[in-house]
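Okay, structure first, notes after.
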Amino acid sequence: MDITTNLVPVTATQYAKRYESYSYFEDSRRHVSLYILPNGDILDCRFPKDVKHIGITDMIYGNFAKVRELDKQNELRLDTSALNKYNVKEISLKSVQDALIRNTGVCARNPQHSKEVLMLHEFLSDDDLLVHDLGYVKFLIMGRGDLHITLPNRSINGKYAKGMQLDTIKDIASLCGAHNVEDIIEEQRRESARVSRILENLAPELKR
């Protein structure tokens with residue numbers, strides 16, 4: 001997917017003003033699709049083009065070298081990607097997933113890691129790659145107040161949800177009328193901790 005200004009971050013305050021301007025566009029208020037960067041800024045997956053989370057993912061990884069070169073002040077954090085660590089040249093969503101799996105110490109070719117590989121394939125869905133690779137938070141509201149978030153898992157590539165990201169989650173959730181935000185964050189943390197425990201309990205001799 002070609003690069004668009006969807007990749008230009010806005011602050012939570014700027015997004016709030018945009019959201020309020022959607023007053024006559026009910027679908028845009030009921031369906032909120034964002035990535036929240038580590039500094040608390042926002043990539044809006046629906047503005048100016050409605051590309052959804054997977055569109056932003058394709059946009060970044062499909063133009064990785066170009067976006068990385070352009071990323072001087074936008075805090076997209078492409079320099080922290082596992083792709084750089086393993087010097088991946090042929091970039092695809094699968095190659096990102098493979099690099100992240102390798103980064104955990106799990107070996108996809110080791111039959112003794114089959115359960116962990118399956119778990120990670122499910123955990124590292126295409127539209128969650130930016131979360132665990134670059135430390136973004138995925139933020140989705142479908143319908144009034146139905147909030148879904150995905151927090152980065154530290155065991156994947158050392159990323160975790162920063163205070164500024166959590167502040168933005170709470171601010172935008174409140175703006176959109178989402179409820180039980182603290183409970184949703186805590187549920188996400190529990191799931192992330194479960195995955196981390198599995199990875200940390202791999203026998204050292206089975207790791208690469």
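Residue names in the structure tokens use chain letters A, B, ... in the order shown, residue numbers from 1 in each chain, and ligand numbers from 1 in the order shown.
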(Q) List the spatial neighbours of stretch 89-96 of chain A as an NGL selection string - criterion: any atom at most 8 Å away, only C-alpha atoms, same-chain residues fewer than 2 positions off excluded. (A) :A and (58 or 61-62 or 64 or 82-83 or 87 or 98-100 or 126 or 129)
Q. Leaving out A:Gln73 and any residue of its chain fewer than 6 positions from it, which residues lie within 12 Å of it when counting only C-alpha atoms, given as a list in words?
A. Val8, Pro9, Asn39, Asp41 and Val67 of chain A
(Q) Which of stretch 23-208 of chain A end up as alpha helix (DSSP H) when DSSP is run on this backbone - answer as an MDAnalysis selection string? (A) chainID A and resid 26:30 52:62 64:70 82:85 93:103 114:123 129:134 154:157 163:175 181:200
Output file for the residues above (C-alpha atoms, as a PDB file, in the first residue's frame):
```
ATOM      1  CA  GLU A  26     -22.093   8.708  12.782  1.00  0.00           C
ATOM      2  CA  ASP A  27     -20.015   5.839  11.390  1.00  0.00           C
ATOM      3  CA  SER A  28     -16.791   7.747  12.059  1.00  0.00           C
ATOM      4  CA  ARG A  29     -17.815   8.231  15.674  1.00  0.00           C
ATOM      5  CA  ARG A  30     -18.929   4.638  16.203  1.00  0.00           C
ATOM      6  CA  LYS A  52      -7.925   0.155   8.953  1.00  0.00           C
ATOM      7  CA  HIS A  53      -5.161  -1.278  11.143  1.00  0.00           C
ATOM      8  CA  ILE A  54      -3.964  -3.742   8.526  1.00  0.00           C
ATOM      9  CA  GLY A  55      -3.630  -0.907   6.008  1.00  0.00           C
ATOM     10  CA  ILE A  56      -1.282   1.017   8.294  1.00  0.00           C
ATOM     11  CA  THR A  57       0.693  -2.186   8.866  1.00  0.00           C
ATOM     12  CA  ASP A  58       1.008  -2.782   5.114  1.00  0.00           C
ATOM     13  CA  MET A  59       1.906   0.870   4.573  1.00  0.00           C
ATOM     14  CA  ILE A  60       4.806   0.787   7.049  1.00  0.00           C
ATOM     15  CA  TYR A  61       6.268  -2.628   6.290  1.00  0.00           C
ATOM     16  CA  GLY A  62       5.553  -2.410   2.551  1.00  0.00           C
ATOM     17  CA  PHE A  64       9.902   0.119   5.286  1.00  0.00           C
ATOM     18  CA  ALA A  65      13.125   1.652   3.958  1.00  0.00           C
ATOM     19  CA  LYS A  66      11.370   4.744   2.629  1.00  0.00           C
ATOM     20  CA  VAL A  67       9.311   5.333   5.778  1.00  0.00           C
ATOM     21  CA  ARG A  68      12.391   4.763   7.923  1.00  0.00           C
ATOM     22  CA  GLU A  69      14.240   7.409   5.925  1.00  0.00           C
ATOM     23  CA  LEU A  70      11.336   9.850   6.309  1.00  0.00           C
ATOM     24  CA  ALA A  82      13.394  -6.613  14.914  1.00  0.00           C
ATOM     25  CA  LEU A  83      13.862  -6.416  11.125  1.00  0.00           C
ATOM     26  CA  ASN A  84      16.949  -4.299  11.727  1.00  0.00           C
ATOM     27  CA  LYS A  85      18.354  -6.698  14.323  1.00  0.00           C
ATOM     28  CA  LEU A  93       4.339  -9.423   7.071  1.00  0.00           C
ATOM     29  CA  LYS A  94       5.489 -13.037   7.373  1.00  0.00           C
ATOM     30  CA  SER A  95       9.126 -11.967   7.609  1.00  0.00           C
ATOM     31  CA  VAL A  96       8.200  -9.574  10.435  1.00  0.00           C
ATOM     32  CA  GLN A  97       6.371 -12.358  12.253  1.00  0.00           C
ATOM     33  CA  ASP A  98       9.317 -14.728  11.714  1.00  0.00           C
ATOM     34  CA  ALA A  99      11.774 -12.153  13.090  1.00  0.00           C
ATOM     35  CA  LEU A 100       9.642 -11.594  16.184  1.00  0.00           C
ATOM     36  CA  ILE A 101       9.252 -15.319  16.827  1.00  0.00           C
ATOM     37  CA  ARG A 102      13.005 -15.757  16.482  1.00  0.00           C
ATOM     38  CA  ASN A 103      13.507 -12.845  18.874  1.00  0.00           C
ATOM     39  CA  SER A 114       5.619 -26.528  18.146  1.00  0.00           C
ATOM     40  CA  LYS A 115       3.139 -25.412  20.815  1.00  0.00           C
ATOM     41  CA  GLU A 116       4.960 -22.126  21.361  1.00  0.00           C
ATOM     42  CA  VAL A 117       5.181 -21.486  17.616  1.00  0.00           C
ATOM     43  CA  LEU A 118       1.436 -22.039  17.257  1.00  0.00           C
ATOM     44  CA  MET A 119       0.738 -19.723  20.199  1.00  0.00           C
ATOM     45  CA  LEU A 120       2.944 -16.991  18.728  1.00  0.00           C
ATOM     46  CA  HIS A 121       1.391 -17.282  15.279  1.00  0.00           C
ATOM     47  CA  GLU A 122      -1.992 -16.622  16.905  1.00  0.00           C
ATOM     48  CA  PHE A 123      -0.625 -13.891  19.178  1.00  0.00           C
ATOM     49  CA  LEU A 129       2.830  -6.737  14.390  1.00  0.00           C
ATOM     50  CA  LEU A 130       3.344  -2.992  14.870  1.00  0.00           C
ATOM     51  CA  VAL A 131       2.296  -3.427  18.490  1.00  0.00           C
ATOM     52  CA  HIS A 132       4.874  -6.027  19.450  1.00  0.00           C
ATOM     53  CA  ASP A 133       7.611  -4.954  17.030  1.00  0.00           C
ATOM     54  CA  LEU A 134       7.543  -1.164  17.490  1.00  0.00           C
ATOM     55  CA  ARG A 154       7.898  -7.021  26.495  1.00  0.00           C
ATOM     56  CA  SER A 155       8.979 -10.632  25.831  1.00  0.00           C
ATOM     57  CA  ILE A 156       8.559 -10.225  22.056  1.00  0.00           C
ATOM     58  CA  ASN A 157      10.832  -7.262  21.279  1.00  0.00           C
ATOM     59  CA  GLY A 163       2.567   6.015  30.566  1.00  0.00           C
ATOM     60  CA  MET A 164       1.885   8.481  27.745  1.00  0.00           C
ATOM     61  CA  GLN A 165       0.187   5.741  25.747  1.00  0.00           C
ATOM     62  CA  LEU A 166      -2.001   4.755  28.685  1.00  0.00           C
ATOM     63  CA  ASP A 167      -2.952   8.402  29.195  1.00  0.00           C
ATOM     64  CA  THR A 168      -3.989   8.648  25.534  1.00  0.00           C
ATOM     65  CA  ILE A 169      -5.993   5.425  25.783  1.00  0.00           C
ATOM     66  CA  LYS A 170      -7.938   6.816  28.722  1.00  0.00           C
ATOM     67  CA  ASP A 171      -8.448  10.241  27.133  1.00  0.00           C
ATOM     68  CA  ILE A 172      -9.697   8.911  23.797  1.00  0.00           C
ATOM     69  CA  ALA A 173     -11.782   6.176  25.414  1.00  0.00           C
ATOM     70  CA  SER A 174     -13.508   8.803  27.547  1.00  0.00           C
ATOM     71  CA  LEU A 175     -14.047  10.988  24.490  1.00  0.00           C
ATOM     72  CA  VAL A 181     -11.114   1.151  30.491  1.00  0.00           C
ATOM     73  CA  GLU A 182      -9.025   0.177  33.524  1.00  0.00           C
ATOM     74  CA  ASP A 183     -10.526  -3.333  33.477  1.00  0.00           C
ATOM     75  CA  ILE A 184      -9.768  -3.701  29.768  1.00  0.00           C
ATOM     76  CA  ILE A 185      -6.167  -2.595  30.283  1.00  0.00           C
ATOM     77  CA  GLU A 186      -5.771  -5.025  33.178  1.00  0.00           C
ATOM     78  CA  GLU A 187      -7.247  -7.882  31.128  1.00  0.00           C
ATOM     79  CA  GLN A 188      -4.734  -7.161  28.370  1.00  0.00           C
ATOM     80  CA  ARG A 189      -1.899  -7.133  30.882  1.00  0.00           C
ATOM     81  CA  ARG A 190      -2.961 -10.519  32.254  1.00  0.00           C
ATOM     82  CA  GLU A 191      -3.029 -12.064  28.778  1.00  0.00           C
ATOM     83  CA  SER A 192       0.374 -10.589  27.976  1.00  0.00           C
ATOM     84  CA  ALA A 193       1.777 -11.920  31.256  1.00  0.00           C
ATOM     85  CA  ARG A 194       0.447 -15.404  30.414  1.00  0.00           C
ATOM     86  CA  VAL A 195       2.308 -15.405  27.095  1.00  0.00           C
ATOM     87  CA  SER A 196       5.472 -14.094  28.774  1.00  0.00           C
ATOM     88  CA  ARG A 197       5.386 -16.861  31.375  1.00  0.00           C
ATOM     89  CA  ILE A 198       5.214 -19.507  28.644  1.00  0.00           C
ATOM     90  CA  LEU A 199       8.165 -17.970  26.805  1.00  0.00           C
ATOM     91  CA  GLU A 200      10.229 -17.485  29.940  1.00  0.00           C
TER      92      GLU A 200
END
```
**Q.** Pairwise distance for atom CA of A:Leu151 and atom CA of A:His179, rounded to one decimal in Å
**A.** 17.6 Å
Q.
As an exercise, work out the distance from atom CA of A:Leu76 to atom CA of A:Asp146 in Å and give it to one decimal place.
A.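 Straight-line distance from atom CA of A:Leu76 to atom CA of A:Asp146 works out to 26.9 Å.
Between A:Met142 and the residues A:Leu202, A:Thr80, A:Tyr86, A:Cys176, the shortest atom-to-atom distance, using only C-alpha atoms, involves A:Cys176.
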**Q.** Proximity to A:Leu124 - best of A:Asn6, A:Ile141, A:Asn153, A:Leu147, only C-alpha atoms
**A.** A:Asn153
Q.
So, with only C-alpha atoms as the atoms that count, which of A:Pro152, A:Gly135, A:Gly145, A:Pro48 lies closest to A:Ser81?
A. A:Gly135
Q.
as a PyMOL selection string, please: the residues near A:Phe47 (cut-off 10 Å, only C-alpha atoms, same-chain neighbours under 6 positions excluded).
A. chain A and resi 4-7+18+28+33-34
Q | Sel. of strand (DSSP E) residues, stretch 74-169 of chain A, as a ChimeraX atom specification | A | /A:137-142,147-150
Selected residues, N, CA and C atoms, written as a short mmCIF file (atom, residue, chain, number, x, y, z; two decimals), in the first residue's frame, please.
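Once everything was written out, this is out.cif:
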```
data_model
loop_
_atom_site.label_atom_id
_atom_site.label_comp_id
_atom_site.auth_asym_id
_atom_site.auth_seq_id
_atom_site.Cartn_x
_atom_site.Cartn_y
_atom_site.Cartn_z
N VAL A 137 0.31 0.83 20.53
CA VAL A 137 -0.89 0.26 21.12
C VAL A 137 -1.99 0.28 20.07
N LYS A 138 -2.65 -0.84 19.87
CA LYS A 138 -3.79 -0.88 18.94
C LYS A 138 -5.06 -0.53 19.70
N PHE A 139 -5.82 0.39 19.17
CA PHE A 139 -7.01 0.93 19.84
C PHE A 139 -8.16 0.84 18.84
N LEU A 140 -9.22 0.14 19.24
CA LEU A 140 -10.36 -0.06 18.34
C LEU A 140 -11.66 0.06 19.11
N ILE A 141 -12.57 0.85 18.56
CA ILE A 141 -13.93 0.90 19.08
C ILE A 141 -14.88 0.54 17.94
N MET A 142 -15.67 -0.50 18.17
CA MET A 142 -16.69 -0.91 17.21
C MET A 142 -18.03 -0.80 17.91
N LEU A 147 -14.79 -1.15 23.42
CA LEU A 147 -13.37 -0.88 23.28
C LEU A 147 -12.54 -2.16 23.28
N HIS A 148 -11.58 -2.21 22.34
CA HIS A 148 -10.61 -3.29 22.28
C HIS A 148 -9.22 -2.67 22.16
N ILE A 149 -8.29 -3.10 22.97
CA ILE A 149 -6.92 -2.62 22.85
C ILE A 149 -5.96 -3.81 22.85
N THR A 150 -4.80 -3.60 22.25
CA THR A 150 -3.72 -4.59 22.32
C THR A 150 -2.47 -3.86 22.76
#
```
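Taking atom CA of A:Lys162 and atom CA of A:Pro38 as endpoints, the distance between them is 6.1 Å.
With only C-alpha atoms as the atoms that count, the residue of A:Val51, A:Ala161, A:Ala178, A:Ile42 with the shortest distance to A:Ile3 is A:Val51.
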